[in-house]
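Trainee: Okay, handing you the structure first.
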Amino acid sequence: MSDNLFLKIISREIPAEIVYENDDVLAFTDVNPQAPLHVLVIPKKPIRTINDMQPQDAELFGKLFLAAQKIAADQGVAEDGYRVVMNCNAAAGQTVFHVHLHLLGGRQFSWPPG
Ligand code: AMP
């Protein structure tokens with residue numbers, strides 16, 4: 001049994017609406033969407049938080065952004081614009097301790113976010 005929720009999605013132990021996958025990255029629809037498009041882009045390698053990122057993970061984090069770029073284009077939000085968010089630890093609201101990039105689109109976002 002995998003030891004975190006997102007590893008269970010990677011291993012297909014629990015279902016998700018998968019929108020993109022390659023050797024290093026999986027992306028799936030957020031179960032509690034905050035925008036018409038809300039996709040989580042995760043590395044297959046388990047890394048708990050941004051604080052746990054190592055220099056050798058730099059390319060992997062770049063791949064998360066490249067996946068987000070592709071999904072945004074495929075889902076038709078690239079031109080209008082979209083938001084990418086990564087929460088780190090409790091004060092930022094991180095609830096799942098497997099790093100993930102939120103890709104949000106399909107509506108107007110305000111700044112600062114509050
Ligand atoms: P964070 O608060 O940044 O850790 O984000 C965790 C995200 O995971 C939240 O937006 C949740 O809605 C989402 N989430 C939790 N469980 C699932 C699941 N089984 N499938 C898809 N998204 C999930």
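Residue numbers start at 1 in each chain; chains themselves are named A, B, ... in the order of the structure tokens; ligands are numbered from 1 in the order shown.
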Give the strand (DSSP E or B) residues of chain A, as assigned by DSSP on the backbone, as a ChimeraX atom specification.

Mentor: /A:18-21,25-29,37-43,82-85,101-105

Trainee: Set the cut-off to 6 Å, count only C-alpha atoms and all ligand atoms, and list whatever residues fall near ligand 1 as a list in words.

Mentor: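 The residues within 6 Å of ligand 1, counting only C-alpha atoms and all ligand atoms, are Ala16, Thr29, Asp30, Val31, Asn32, Asn87, Gly93, Gln94, Thr95 and Val96 of chain A.
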
Trainee: As an exercise, work out the distance from atom CA of A:Phe61 to atom CA of A:Cys88 in Å and give it to one decimal place.

Mentor: 14.3 Å

Trainee: Which residues are close to A:Asp57, i.e. within 12 Å by only C-alpha atoms, leaving aside same-chain residues fewer than 6 positions away? Reply as a VMD selection string.

Mentor: chain A and resid 24 43 to 47 50 to 51 63 to 64 99

Trainee: Would you export the selected residues with all heavy atoms as a compact mmCIF listing (two decimals), in the first residue's frame, please?

Mentor:
```
# COMPACT_ATOMS: atom_id res chain seq x y z
N ASP A 24 7.87 10.99 -15.76
CA ASP A 24 8.22 11.67 -14.51
C ASP A 24 7.06 12.36 -13.81
O ASP A 24 7.17 12.70 -12.63
CB ASP A 24 9.28 12.75 -14.80
CG ASP A 24 10.51 12.17 -15.46
OD1 ASP A 24 11.12 11.28 -14.85
OD2 ASP A 24 10.85 12.59 -16.58
N PRO A 43 5.07 15.28 -9.37
CA PRO A 43 6.15 14.38 -9.78
C PRO A 43 5.81 12.96 -9.32
O PRO A 43 5.17 12.77 -8.28
CB PRO A 43 7.36 14.94 -9.01
CG PRO A 43 6.76 15.52 -7.77
CD PRO A 43 5.40 16.04 -8.16
N LYS A 44 6.24 11.97 -10.07
CA LYS A 44 6.05 10.59 -9.61
C LYS A 44 6.98 10.28 -8.43
O LYS A 44 6.67 9.45 -7.60
CB LYS A 44 6.27 9.62 -10.76
CG LYS A 44 5.15 9.72 -11.80
CD LYS A 44 5.26 8.69 -12.89
CE LYS A 44 4.06 8.81 -13.84
NZ LYS A 44 4.16 7.88 -14.99
N LYS A 45 8.10 10.99 -8.37
CA LYS A 45 9.01 10.84 -7.23
C LYS A 45 8.39 11.51 -6.01
O LYS A 45 7.96 12.67 -6.08
CB LYS A 45 10.34 11.51 -7.56
CG LYS A 45 11.34 11.53 -6.42
CD LYS A 45 12.61 12.27 -6.81
CE LYS A 45 13.58 12.36 -5.64
NZ LYS A 45 14.83 13.07 -6.00
N PRO A 46 8.31 10.80 -4.89
CA PRO A 46 7.72 11.43 -3.70
C PRO A 46 8.66 12.45 -3.06
O PRO A 46 9.76 12.09 -2.62
CB PRO A 46 7.45 10.25 -2.76
CG PRO A 46 8.35 9.16 -3.21
CD PRO A 46 8.65 9.38 -4.67
N ILE A 47 8.24 13.69 -3.03
CA ILE A 47 8.95 14.79 -2.36
C ILE A 47 7.88 15.49 -1.53
O ILE A 47 6.85 15.91 -2.08
CB ILE A 47 9.57 15.77 -3.38
CG1 ILE A 47 10.55 15.04 -4.32
CG2 ILE A 47 10.25 16.94 -2.66
CD1 ILE A 47 11.03 15.86 -5.51
N ILE A 50 8.23 21.71 -0.93
CA ILE A 50 9.30 22.44 -1.62
C ILE A 50 10.56 22.48 -0.75
O ILE A 50 11.68 22.44 -1.27
CB ILE A 50 8.83 23.87 -1.97
CG1 ILE A 50 7.63 23.84 -2.93
CG2 ILE A 50 9.97 24.67 -2.61
CD1 ILE A 50 7.02 25.21 -3.17
N ASN A 51 10.38 22.53 0.56
CA ASN A 51 11.54 22.55 1.47
C ASN A 51 12.42 21.31 1.32
O ASN A 51 13.59 21.33 1.70
CB ASN A 51 11.09 22.65 2.93
CG ASN A 51 10.48 23.99 3.26
OD1 ASN A 51 10.70 24.97 2.56
ND2 ASN A 51 9.68 24.03 4.31
N LYS A 63 10.12 20.11 -15.24
CA LYS A 63 9.17 19.26 -15.98
C LYS A 63 7.73 19.45 -15.52
O LYS A 63 6.80 19.29 -16.31
CB LYS A 63 9.60 17.79 -15.87
CG LYS A 63 10.86 17.49 -16.65
CD LYS A 63 11.30 16.04 -16.47
CE LYS A 63 12.57 15.77 -17.29
NZ LYS A 63 13.05 14.38 -17.13
N LEU A 64 7.55 19.78 -14.24
CA LEU A 64 6.19 20.08 -13.76
C LEU A 64 5.64 21.30 -14.51
O LEU A 64 4.48 21.33 -14.94
CB LEU A 64 6.17 20.35 -12.26
CG LEU A 64 6.59 19.22 -11.31
CD1 LEU A 64 6.48 19.68 -9.87
CD2 LEU A 64 5.75 17.97 -11.52
N VAL A 99 4.61 16.97 -3.16
CA VAL A 99 4.56 18.28 -3.84
C VAL A 99 3.67 18.22 -5.07
O VAL A 99 3.64 17.22 -5.80
CB VAL A 99 5.95 18.83 -4.20
CG1 VAL A 99 6.73 19.21 -2.97
CG2 VAL A 99 6.71 17.92 -5.10
```

Trainee: Please determine, counting only C-alpha atoms, which residue among A:Asn89, A:Asn4, A:Gln34, A:Ser11 has the shortest atom-to-atom distance to A:Arg107.

Mentor: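 Distance minimum relative to A:Arg107 lands on A:Gln34.
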
Trainee: Find the distance between atom CA of A:Ala72 and atom CA of A:Pro113 and write it in Å to one decimal.

Mentor: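 One can read the atom CA of A:Ala72 to atom CA of A:Pro113 distance as 20.3 Å.
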
Trainee: So that I can check the surroundings of A:Val19, please list as a PyMOL selection string every protein, DNA and RNA residue that reaches within 8 Å of it, counting only C-alpha atoms and ignoring chain neighbours fewer than 4 positions away.

Mentor: chain A and resi 27-29+71

Trainee: Write the selection just made, keeping N, CA, C and O atoms, as a PDB file, in the first residue's frame?

Mentor:
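Below is the file selection08.pdb, written as the result:
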```pdb
ATOM      1  N   ALA A  27      -0.681  14.238 -14.052  1.00  0.00           N
ATOM      2  CA  ALA A  27      -1.582  15.373 -13.825  1.00  0.00           C
ATOM      3  C   ALA A  27      -3.012  14.877 -13.840  1.00  0.00           C
ATOM      4  O   ALA A  27      -3.396  14.059 -14.685  1.00  0.00           O
ATOM      5  N   PHE A  28      -3.790  15.384 -12.882  1.00  0.00           N
ATOM      6  CA  PHE A  28      -5.183  14.937 -12.753  1.00  0.00           C
ATOM      7  C   PHE A  28      -6.030  16.075 -12.201  1.00  0.00           C
ATOM      8  O   PHE A  28      -5.524  17.012 -11.565  1.00  0.00           O
ATOM      9  N   THR A  29      -7.323  15.979 -12.447  1.00  0.00           N
ATOM     10  CA  THR A  29      -8.259  17.017 -12.021  1.00  0.00           C
ATOM     11  C   THR A  29      -8.392  17.025 -10.506  1.00  0.00           C
ATOM     12  O   THR A  29      -8.527  15.968  -9.870  1.00  0.00           O
ATOM     13  N   ILE A  71      -0.655  21.344 -20.654  1.00  0.00           N
ATOM     14  CA  ILE A  71      -2.065  21.141 -20.273  1.00  0.00           C
ATOM     15  C   ILE A  71      -2.847  22.430 -20.484  1.00  0.00           C
ATOM     16  O   ILE A  71      -3.974  22.398 -20.994  1.00  0.00           O
TER      17      ILE A  71
END
```
